[in-house]
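Notes for the one structure printed next.
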Amino acid sequence: MGLVRRVYVEKKAPFAMAAKELTDDIKGYLGIDGLEKVRVLVRYDVENLSDETFDKALTSIFSEPPVDDVYEEEFPYDESKSKIFSVEYLPGQFDQRADSAEQCVKFLNEDEQPVIKSATTYVLVGDVSDEEFEKVKSYCINPVDSRETGLEKPETLKQNFEEPEDVIVFDGFKDIEEEPLKELYDSLGLAMTFKDFLHIQNYFKNDEDRDPTMTEIRVLDTYWSDHCRHTTFNTELTDVKFDEGFYKEVMESTYEDYLKVRDEIFKGREDKFVCLMDLALMAMRKLKAEGKLDDQEESDEINACSIVVPVEVDGKTEEWLVNFKNETHNHPTEIEPFGGAATCLGGAIRDPLSGRTYVYQAMRVTGAADPTKPLAETMQGKLPQKKLVQGAADGYSSYGNQIGLATGLVKEIYHPDYVAKRMEIGAVMGAAPRRAVQRLTSDPGDIIVLLGGQTGRDGCGGATGSSKIHTEESIEECGAEVQKGNPPTERKLQRLFRREEVSYLIKKCNDFGAGGVSVAIGELADGLHVNLDLVPKKYAGLDGTEIAISESQERMAVVVDPKDVDQFLAYAKEENLEATVVAEVTESPRLVLEWRGKEIVNISREFLDTNGAHQETSVAVDMP
């Protein structure tokens, strides 16, 4: 049972489309004429599986006999004209192929507890020099999510994780002088500004009279990130100028109209200032003031735009909620196209889903530079546009097909300026009967249930990563920031929430997008006590900070009345979803995160809601 077995699976020649496409790419795009063909084999390493179950799995799970050739331990190749390398996901990245294989093996024998790892093996056949071989490796391996792995079979697949150390406290932080404080700020690689860092020091010195933990700094960096709190859009615009040009008059006139409307709406309120967010919302506020948005559903939940519409069902008119949501994943897709585009759609779906509506249609709008340009013209520090375009399309369609979502419009815009950063937009619509959805407050004593996937290191720093300025080193440095989606788990969440008897038990809900536990649970109530030890984990070795900010996908935080907890957990089990009580709503308006019996975060809601230091900037509008 403890023996590691190796299986190679290769598509038979008529079905080897991936190998044929890669051959054409390497010969045409990379210009390696000596290559005859590429072979692509999926490699499985399997441990802790009985002989009987392994034999069944060979032709029912690992392969499809009509289209696949299967080799045990080794596969045949011509050593004189072949170069071989294998690629695996980075440790901590979700490997859907291996995860699915483990689940399917358990269907064959529920008593088995297999450990399975997968990799992809490439065989270059032909006259390929060592330099060309390295060029192909570089083309096939994106260091953001993958790495080259050895060809030797490991003795065991079981990993021994070191016990994580206690979360550090920044001794002397509250009293440190500005210059050494700036050095500390620079060393931490934070997304927040130094002004925010000073704001934190002032809070811990004057309000808490103690030094912060590493987790508190990381949580605040995440909670206040541009991704979570739209920091750029909420920066005050103190001076707005319009450059000379053909459109100056109409732009100035439009801006003056906006200023007049905001004076009418806010009537001199000093707490409101001009910013991009205010500019974006002013038309809505005016329509609302005029009574033209009476069909908008208002609530404390901020998951998606929700409107109430009459729907004809079996000859009767019912009130339904229709939700709209769009999501951009420009940065994640720029550095890891497949995962970035896949989780763009997955994240967009989860927002209306957390509002208890069923997402039934989508739209994808993207922007790229010329994908037909030669590889040699690729901007330094970036992936080739061809890889971005094709990888993102594969990722989006993979997620959509697995969850079962129709995308009615797919539009890609090509413009040379998109070479700076790709545009990746996923937009969705969802709906549900209004009778099935409650919009209630989170009251002291209410229970928070974590529902769905387990927590790992994937996505740590995703919110702050997408909020930073990116450089040519970004690809090497951002390994864990782009998550891998798990559409089958999200589909289970959809099935569960679509049941009216389930959705009606939910008082409030938030999806685990950017920020992980600290944001998804942290936004559900003013006062919260979270036990991080109870959070289900993919593997051992995670410290408190990682558990608090990990952005592992396909998770929901659900507020449930204590009397409904057992029933809710039973419903989740029926859909084969892991559900765990991890937190409780408290009377005290503070966010408290506990790990290994110690409080590693204890921050007032008032301070959290400042969203960092007040930021100001001036704007000069270029004429098109």
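Identifiers for the structure tokens are assigned positionally: chains receive A, B, ... in sequence, residues are indexed from 1 per chain, and ligands are indexed from 1 in the order shown.
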
(request) May I have the residues within 8 Å of Lys83 in chain A as number ranges by chain, using only C-alpha atoms and disregarding those fewer than 6 positions away in the same chain? (result) A: 123-125, 128, 133

Picked from range 164-322 of chain A by DSSP as helix (DSSP H, G or I), as a short mmCIF file (atom, residue, chain, number, x, y, z; two decimals) with N, CA and C atoms, in the first residue's frame:
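Output (result_16.cif):
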data_model
loop_
_atom_site.label_atom_id
_atom_site.label_comp_id
_atom_site.auth_asym_id
_atom_site.auth_seq_id
_atom_site.Cartn_x
_atom_site.Cartn_y
_atom_site.Cartn_z
N PHE A 173 7.11 49.08 17.99
CA PHE A 173 6.49 49.69 16.80
C PHE A 173 5.83 51.03 17.12
N LYS A 174 5.08 51.08 18.21
CA LYS A 174 4.28 52.27 18.48
C LYS A 174 5.13 53.50 18.81
N ASP A 175 6.38 53.28 19.21
CA ASP A 175 7.23 54.40 19.62
C ASP A 175 8.40 54.66 18.68
N GLU A 178 10.34 58.01 12.77
CA GLU A 178 9.83 57.89 11.40
C GLU A 178 10.82 57.22 10.44
N GLU A 179 12.11 57.52 10.57
CA GLU A 179 13.08 56.95 9.62
C GLU A 179 13.18 55.42 9.74
N PRO A 180 13.39 54.86 10.94
CA PRO A 180 13.39 53.40 11.04
C PRO A 180 12.02 52.78 10.74
N LEU A 181 10.95 53.53 11.00
CA LEU A 181 9.62 53.04 10.65
C LEU A 181 9.49 52.89 9.13
N LYS A 182 10.07 53.85 8.40
CA LYS A 182 10.04 53.79 6.94
C LYS A 182 10.85 52.58 6.45
N GLU A 183 11.96 52.29 7.11
CA GLU A 183 12.77 51.11 6.74
C GLU A 183 11.97 49.83 6.95
N LEU A 184 11.24 49.76 8.06
CA LEU A 184 10.40 48.58 8.31
C LEU A 184 9.31 48.48 7.25
N TYR A 185 8.69 49.59 6.95
CA TYR A 185 7.64 49.63 5.92
C TYR A 185 8.17 49.10 4.59
N ASP A 186 9.34 49.58 4.19
CA ASP A 186 9.93 49.16 2.91
C ASP A 186 10.24 47.66 2.90
N SER A 187 10.62 47.12 4.05
CA SER A 187 11.03 45.71 4.12
C SER A 187 9.85 44.75 4.04
N LEU A 188 8.64 45.23 4.31
CA LEU A 188 7.48 44.34 4.39
C LEU A 188 6.77 44.14 3.05
N PHE A 194 2.89 54.67 2.90
CA PHE A 194 3.56 54.94 4.18
C PHE A 194 2.66 55.80 5.07
N LYS A 195 1.81 56.61 4.45
CA LYS A 195 0.86 57.42 5.21
C LYS A 195 -0.10 56.50 5.98
N ASP A 196 -0.52 55.39 5.35
CA ASP A 196 -1.35 54.40 6.04
C ASP A 196 -0.58 53.77 7.21
N PHE A 197 0.70 53.51 6.97
CA PHE A 197 1.54 52.87 8.00
C PHE A 197 1.66 53.79 9.22
N LEU A 198 1.82 55.08 8.98
CA LEU A 198 1.85 56.05 10.09
C LEU A 198 0.50 56.09 10.81
N HIS A 199 -0.57 55.96 10.04
CA HIS A 199 -1.93 55.92 10.60
C HIS A 199 -2.08 54.73 11.56
N ILE A 200 -1.50 53.60 11.17
CA ILE A 200 -1.54 52.40 12.02
C ILE A 200 -0.73 52.62 13.29
N GLN A 201 0.46 53.20 13.14
CA GLN A 201 1.29 53.47 14.32
C GLN A 201 0.56 54.37 15.30
N ASN A 202 -0.08 55.39 14.79
CA ASN A 202 -0.82 56.32 15.64
C ASN A 202 -1.94 55.61 16.40
N TYR A 203 -2.64 54.70 15.72
CA TYR A 203 -3.73 53.95 16.35
C TYR A 203 -3.22 53.07 17.48
N PHE A 204 -2.17 52.31 17.21
CA PHE A 204 -1.67 51.40 18.25
C PHE A 204 -1.02 52.16 19.41
N LYS A 205 -0.49 53.33 19.13
CA LYS A 205 0.13 54.13 20.20
C LYS A 205 -0.93 54.80 21.07
N ASN A 206 -1.92 55.43 20.44
CA ASN A 206 -2.86 56.26 21.18
C ASN A 206 -4.15 55.55 21.59
N ASP A 207 -4.57 54.54 20.82
CA ASP A 207 -5.83 53.87 21.13
C ASP A 207 -5.62 52.52 21.83
N GLU A 208 -4.64 51.75 21.36
CA GLU A 208 -4.44 50.41 21.91
C GLU A 208 -3.32 50.35 22.96
N MET A 214 2.31 40.74 13.38
CA MET A 214 2.47 40.65 11.93
C MET A 214 1.11 40.43 11.26
N THR A 215 0.27 39.61 11.88
CA THR A 215 -1.05 39.34 11.29
C THR A 215 -1.88 40.61 11.20
N GLU A 216 -1.83 41.44 12.24
CA GLU A 216 -2.61 42.68 12.21
C GLU A 216 -2.16 43.59 11.07
N ILE A 217 -0.85 43.68 10.85
CA ILE A 217 -0.34 44.50 9.75
C ILE A 217 -0.81 43.93 8.41
N ARG A 218 -0.69 42.61 8.24
CA ARG A 218 -1.08 41.98 6.97
C ARG A 218 -2.60 42.07 6.75
N VAL A 219 -3.36 41.91 7.80
CA VAL A 219 -4.82 42.00 7.68
C VAL A 219 -5.23 43.41 7.29
N LEU A 220 -4.64 44.42 7.92
CA LEU A 220 -4.97 45.81 7.57
C LEU A 220 -4.54 46.12 6.14
N ASP A 221 -3.38 45.62 5.74
CA ASP A 221 -2.91 45.83 4.37
C ASP A 221 -3.90 45.23 3.38
N THR A 222 -4.46 44.09 3.73
CA THR A 222 -5.44 43.42 2.87
C THR A 222 -6.79 44.12 2.92
N TYR A 223 -7.26 44.41 4.12
CA TYR A 223 -8.59 45.01 4.31
C TYR A 223 -8.68 46.38 3.65
N ASP A 226 -6.54 48.39 -2.40
CA ASP A 226 -7.32 48.95 -3.50
C ASP A 226 -8.36 47.95 -3.98
N HIS A 227 -7.97 46.68 -3.99
CA HIS A 227 -8.87 45.62 -4.46
C HIS A 227 -10.11 45.52 -3.57
N CYS A 228 -9.94 45.66 -2.25
CA CYS A 228 -11.06 45.48 -1.32
C CYS A 228 -11.79 46.77 -1.00
N ARG A 229 -11.09 47.89 -0.97
CA ARG A 229 -11.69 49.15 -0.53
C ARG A 229 -11.61 50.26 -1.58
N LYS A 248 -12.12 70.05 -24.57
CA LYS A 248 -12.00 70.69 -23.27
C LYS A 248 -13.32 71.32 -22.80
N GLU A 249 -13.99 72.02 -23.68
CA GLU A 249 -15.21 72.73 -23.29
C GLU A 249 -16.30 71.77 -22.82
N VAL A 250 -16.51 70.69 -23.58
CA VAL A 250 -17.58 69.75 -23.21
C VAL A 250 -17.22 68.99 -21.94
N MET A 251 -15.93 68.69 -21.75
CA MET A 251 -15.52 67.99 -20.53
C MET A 251 -15.68 68.89 -19.30
N GLU A 252 -15.27 70.13 -19.42
CA GLU A 252 -15.41 71.07 -18.30
C GLU A 252 -16.88 71.28 -17.96
N SER A 253 -17.71 71.38 -19.00
CA SER A 253 -19.14 71.57 -18.79
C SER A 253 -19.76 70.38 -18.07
N THR A 254 -19.37 69.18 -18.48
CA THR A 254 -19.88 67.96 -17.84
C THR A 254 -19.43 67.88 -16.38
N TYR A 255 -18.18 68.26 -16.14
CA TYR A 255 -17.66 68.23 -14.78
C TYR A 255 -18.40 69.25 -13.90
N GLU A 256 -18.69 70.43 -14.45
CA GLU A 256 -19.43 71.43 -13.69
C GLU A 256 -20.84 70.94 -13.37
N ASP A 257 -21.46 70.22 -14.33
CA ASP A 257 -22.79 69.64 -14.07
C ASP A 257 -22.73 68.66 -12.90
N TYR A 258 -21.67 67.86 -12.88
CA TYR A 258 -21.49 66.90 -11.78
C TYR A 258 -21.38 67.64 -10.45
N LEU A 259 -20.58 68.73 -10.40
CA LEU A 259 -20.41 69.48 -9.16
C LEU A 259 -21.73 70.09 -8.68
N LYS A 260 -22.56 70.55 -9.63
CA LYS A 260 -23.86 71.12 -9.26
C LYS A 260 -24.77 70.05 -8.66
N VAL A 261 -24.78 68.89 -9.31
CA VAL A 261 -25.64 67.79 -8.83
C VAL A 261 -25.19 67.34 -7.44
N ARG A 262 -23.88 67.22 -7.22
CA ARG A 262 -23.40 66.75 -5.90
C ARG A 262 -23.73 67.78 -4.82
N ASP A 263 -23.74 69.08 -5.17
CA ASP A 263 -24.15 70.09 -4.19
C ASP A 263 -25.61 69.91 -3.81
N GLU A 264 -26.44 69.56 -4.81
CA GLU A 264 -27.86 69.32 -4.54
C GLU A 264 -28.05 68.08 -3.66
N ILE A 265 -27.30 67.03 -3.98
CA ILE A 265 -27.47 65.76 -3.27
C ILE A 265 -26.95 65.84 -1.84
N PHE A 266 -25.74 66.39 -1.67
CA PHE A 266 -25.09 66.37 -0.36
C PHE A 266 -25.36 67.62 0.47
N LEU A 276 -13.15 59.79 -7.60
CA LEU A 276 -13.63 59.02 -8.75
C LEU A 276 -14.84 58.17 -8.38
N MET A 277 -14.88 57.64 -7.15
CA MET A 277 -16.03 56.84 -6.73
C MET A 277 -17.29 57.70 -6.69
N ASP A 278 -17.16 58.91 -6.17
CA ASP A 278 -18.30 59.82 -6.12
C ASP A 278 -18.78 60.15 -7.54
N LEU A 279 -17.83 60.37 -8.43
CA LEU A 279 -18.15 60.67 -9.82
C LEU A 279 -18.90 59.51 -10.46
N ALA A 280 -18.47 58.29 -10.17
CA ALA A 280 -19.10 57.11 -10.76
C ALA A 280 -20.51 56.88 -10.23
N LEU A 281 -20.76 57.26 -8.98
CA LEU A 281 -22.04 56.98 -8.34
C LEU A 281 -23.05 58.12 -8.43
N MET A 282 -22.62 59.30 -8.90
CA MET A 282 -23.50 60.47 -8.82
C MET A 282 -24.76 60.33 -9.67
N ALA A 283 -24.65 59.72 -10.85
CA ALA A 283 -25.84 59.54 -11.69
C ALA A 283 -26.87 58.67 -10.97
N MET A 284 -26.39 57.61 -10.31
CA MET A 284 -27.28 56.74 -9.54
C MET A 284 -27.94 57.52 -8.41
N ARG A 285 -27.15 58.33 -7.71
CA ARG A 285 -27.70 59.08 -6.58
C ARG A 285 -28.78 60.07 -7.04
N LYS A 286 -28.56 60.68 -8.20
CA LYS A 286 -29.54 61.63 -8.74
C LYS A 286 -30.83 60.90 -9.13
N LEU A 287 -30.70 59.77 -9.80
CA LEU A 287 -31.87 58.98 -10.18
C LEU A 287 -32.64 58.55 -8.93
N LYS A 288 -31.90 58.18 -7.91
CA LYS A 288 -32.53 57.73 -6.66
C LYS A 288 -33.30 58.88 -6.00
N ALA A 289 -32.68 60.07 -6.00
CA ALA A 289 -33.32 61.24 -5.40
C ALA A 289 -34.59 61.62 -6.15
#

(request) For Glu523 in chain A, please output as an MDAnalysis selection string all residues within 9 Å (counting only C-alpha atoms; exclusion window: fewer than 4 positions along the same chain). (result) chainID A and resid 510 518:519

Taking C-alpha atoms for each residue, export the selection above as a CSV table (one decimal), in the first residue's frame.
chain,number,residue,atom,x,y,z
A,510,ASN,CA,-20.1,36.9,2.0
A,518,SER,CA,-10.1,38.6,7.4
A,519,VAL,CA,-12.3,40.3,4.8

(request) Report the residues of range 60-93 of chain A whose backbone DSSP state falls under strand (DSSP E or B), written as a PyMOL selection string. (result) chain A and resi 68-72+82-89

Only N, CA and C atoms, please: the residues just picked out, written as a PDB file, in the first residue's frame.
ATOM      1  N   ASP A  68      -6.643   6.617 -25.239  1.00  0.00           N
ATOM      2  CA  ASP A  68      -5.378   6.781 -24.516  1.00  0.00           C
ATOM      3  C   ASP A  68      -4.513   5.524 -24.564  1.00  0.00           C
ATOM      4  N   ASP A  69      -3.202   5.750 -24.569  1.00  0.00           N
ATOM      5  CA  ASP A  69      -2.231   4.690 -24.300  1.00  0.00           C
ATOM      6  C   ASP A  69      -1.747   4.862 -22.862  1.00  0.00           C
ATOM      7  N   VAL A  70      -1.630   3.753 -22.138  1.00  0.00           N
ATOM      8  CA  VAL A  70      -1.238   3.801 -20.732  1.00  0.00           C
ATOM      9  C   VAL A  70       0.065   3.040 -20.529  1.00  0.00           C
ATOM     10  N   TYR A  71       0.990   3.666 -19.793  1.00  0.00           N
ATOM     11  CA  TYR A  71       2.273   3.023 -19.489  1.00  0.00           C
ATOM     12  C   TYR A  71       2.488   3.051 -17.981  1.00  0.00           C
ATOM     13  N   GLU A  72       2.893   1.932 -17.427  1.00  0.00           N
ATOM     14  CA  GLU A  72       3.214   1.860 -16.006  1.00  0.00           C
ATOM     15  C   GLU A  72       4.717   2.014 -15.803  1.00  0.00           C
ATOM     16  N   SER A  82      15.574  12.225 -28.495  1.00  0.00           N
ATOM     17  CA  SER A  82      14.512  12.763 -27.636  1.00  0.00           C
ATOM     18  C   SER A  82      15.093  13.535 -26.458  1.00  0.00           C
ATOM     19  N   LYS A  83      14.460  14.639 -26.137  1.00  0.00           N
ATOM     20  CA  LYS A  83      14.763  15.403 -24.923  1.00  0.00           C
ATOM     21  C   LYS A  83      13.470  15.485 -24.106  1.00  0.00           C
ATOM     22  N   ILE A  84      13.584  15.253 -22.792  1.00  0.00           N
ATOM     23  CA  ILE A  84      12.394  15.109 -21.943  1.00  0.00           C
ATOM     24  C   ILE A  84      12.465  16.059 -20.747  1.00  0.00           C
ATOM     25  N   PHE A  85      11.328  16.657 -20.414  1.00  0.00           N
ATOM     26  CA  PHE A  85      11.200  17.384 -19.145  1.00  0.00           C
ATOM     27  C   PHE A  85       9.759  17.259 -18.647  1.00  0.00           C
ATOM     28  N   SER A  86       9.591  17.402 -17.338  1.00  0.00           N
ATOM     29  CA  SER A  86       8.267  17.306 -16.718  1.00  0.00           C
ATOM     30  C   SER A  86       7.968  18.576 -15.930  1.00  0.00           C
ATOM     31  N   VAL A  87       6.691  18.926 -15.862  1.00  0.00           N
ATOM     32  CA  VAL A  87       6.251  20.168 -15.216  1.00  0.00           C
ATOM     33  C   VAL A  87       5.158  19.842 -14.202  1.00  0.00           C
ATOM     34  N   GLU A  88       5.273  20.422 -13.004  1.00  0.00           N
ATOM     35  CA  GLU A  88       4.244  20.250 -11.975  1.00  0.00           C
ATOM     36  C   GLU A  88       3.876  21.615 -11.399  1.00  0.00           C
ATOM     37  N   TYR A  89       2.717  21.690 -10.731  1.00  0.00           N
ATOM     38  CA  TYR A  89       2.330  22.924 -10.061  1.00  0.00           C
ATOM     39  C   TYR A  89       3.241  23.186  -8.865  1.00  0.00           C
TER      40      TYR A  89
END

(message) Could you list, as a PyMOL selection string, every residue within 8 Å of range 40-52 of chain A, counting only C-alpha atoms and ignoring same-chain residues fewer than 5 positions away?
(response) chain A and resi 1-11+18-19+62+98+112-123+153+156-157

Go ahead and dump the residues you just picked, C-alpha atoms, as a PDB file, in the first residue's frame.
ATOM      1  CA  MET A   1       0.000   0.000   0.000  1.00  0.00           C
ATOM      2  CA  GLY A   2       2.842   2.414   0.766  1.00  0.00           C
ATOM      3  CA  LEU A   3       4.536   1.869  -2.596  1.00  0.00           C
ATOM      4  CA  VAL A   4       4.584   4.816  -5.031  1.00  0.00           C
ATOM      5  CA  ARG A   5       3.412   3.741  -8.479  1.00  0.00           C
ATOM      6  CA  ARG A   6       3.847   5.820 -11.613  1.00  0.00           C
ATOM      7  CA  VAL A   7       1.434   5.971 -14.546  1.00  0.00           C
ATOM      8  CA  TYR A   8       1.915   7.783 -17.861  1.00  0.00           C
ATOM      9  CA  VAL A   9      -1.123   8.491 -20.046  1.00  0.00           C
ATOM     10  CA  GLU A  10      -0.716   9.634 -23.665  1.00  0.00           C
ATOM     11  CA  LYS A  11      -3.397  10.387 -26.240  1.00  0.00           C
ATOM     12  CA  ALA A  18      -2.489  19.224 -27.510  1.00  0.00           C
ATOM     13  CA  ALA A  19       0.741  17.621 -28.748  1.00  0.00           C
ATOM     14  CA  PHE A  62      -6.436   7.573 -15.141  1.00  0.00           C
ATOM     15  CA  ALA A  98      -4.930  15.081  -8.890  1.00  0.00           C
ATOM     16  CA  GLU A 112      -9.035   3.787   0.279  1.00  0.00           C
ATOM     17  CA  GLN A 113      -7.142   6.963   1.230  1.00  0.00           C
ATOM     18  CA  PRO A 114      -4.953   7.517  -1.852  1.00  0.00           C
ATOM     19  CA  VAL A 115      -2.337  10.222  -2.269  1.00  0.00           C
ATOM     20  CA  ILE A 116      -2.023  11.295  -5.911  1.00  0.00           C
ATOM     21  CA  LYS A 117       0.148  13.903  -7.604  1.00  0.00           C
ATOM     22  CA  SER A 118       0.115  14.802 -11.265  1.00  0.00           C
ATOM     23  CA  ALA A 119       2.583  16.351 -13.684  1.00  0.00           C
ATOM     24  CA  THR A 120       2.880  16.815 -17.439  1.00  0.00           C
ATOM     25  CA  THR A 121       5.788  15.229 -19.298  1.00  0.00           C
ATOM     26  CA  TYR A 122       6.969  16.662 -22.631  1.00  0.00           C
ATOM     27  CA  VAL A 123       9.087  14.699 -25.097  1.00  0.00           C
ATOM     28  CA  LYS A 153      10.083   8.747  -8.905  1.00  0.00           C
ATOM     29  CA  THR A 156       6.898   8.764  -0.880  1.00  0.00           C
ATOM     30  CA  LEU A 157       4.303  11.431  -1.712  1.00  0.00           C
TER      31      LEU A 157
END

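Proximity to Leu30 in chain A was assessed for A:Pro384, A:Pro14, A:Gly445, A:Gly245 counting only C-alpha atoms; the smallest distance is recorded for A:Pro384.
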
I'd like the neighbourhood of Asn401 in chain A as a PDB file with C-alpha atoms, in the first residue's frame, where a residue qualifies if any of its atoms comes within 12 Å (using only C-alpha atoms), though same-chain residues fewer than 4 positions away should be ignored.
ATOM      1  CA  ALA A 342     -10.820  31.178 -14.688  1.00  0.00           C
ATOM      2  CA  LEU A 345     -15.440  34.137 -13.905  1.00  0.00           C
ATOM      3  CA  GLY A 346     -15.528  32.128 -10.679  1.00  0.00           C
ATOM      4  CA  ALA A 362     -22.324  35.677 -18.559  1.00  0.00           C
ATOM      5  CA  ALA A 393      -9.508  31.861 -23.262  1.00  0.00           C
ATOM      6  CA  ASP A 394      -8.752  28.317 -22.099  1.00  0.00           C
ATOM      7  CA  GLY A 395      -9.085  29.287 -18.428  1.00  0.00           C
ATOM      8  CA  TYR A 396     -12.380  31.138 -18.806  1.00  0.00           C
ATOM      9  CA  SER A 397     -13.980  28.431 -20.939  1.00  0.00           C
ATOM     10  CA  LEU A 405     -22.693  28.665 -17.557  1.00  0.00           C
ATOM     11  CA  ALA A 406     -23.717  30.113 -20.920  1.00  0.00           C
ATOM     12  CA  THR A 407     -21.605  33.062 -22.091  1.00  0.00           C
ATOM     13  CA  PRO A 487     -15.489  24.835 -10.424  1.00  0.00           C
ATOM     14  CA  PRO A 488     -17.061  21.543  -9.247  1.00  0.00           C
ATOM     15  CA  ARG A 491     -21.250  24.184  -8.621  1.00  0.00           C
TER      16      ARG A 491
END
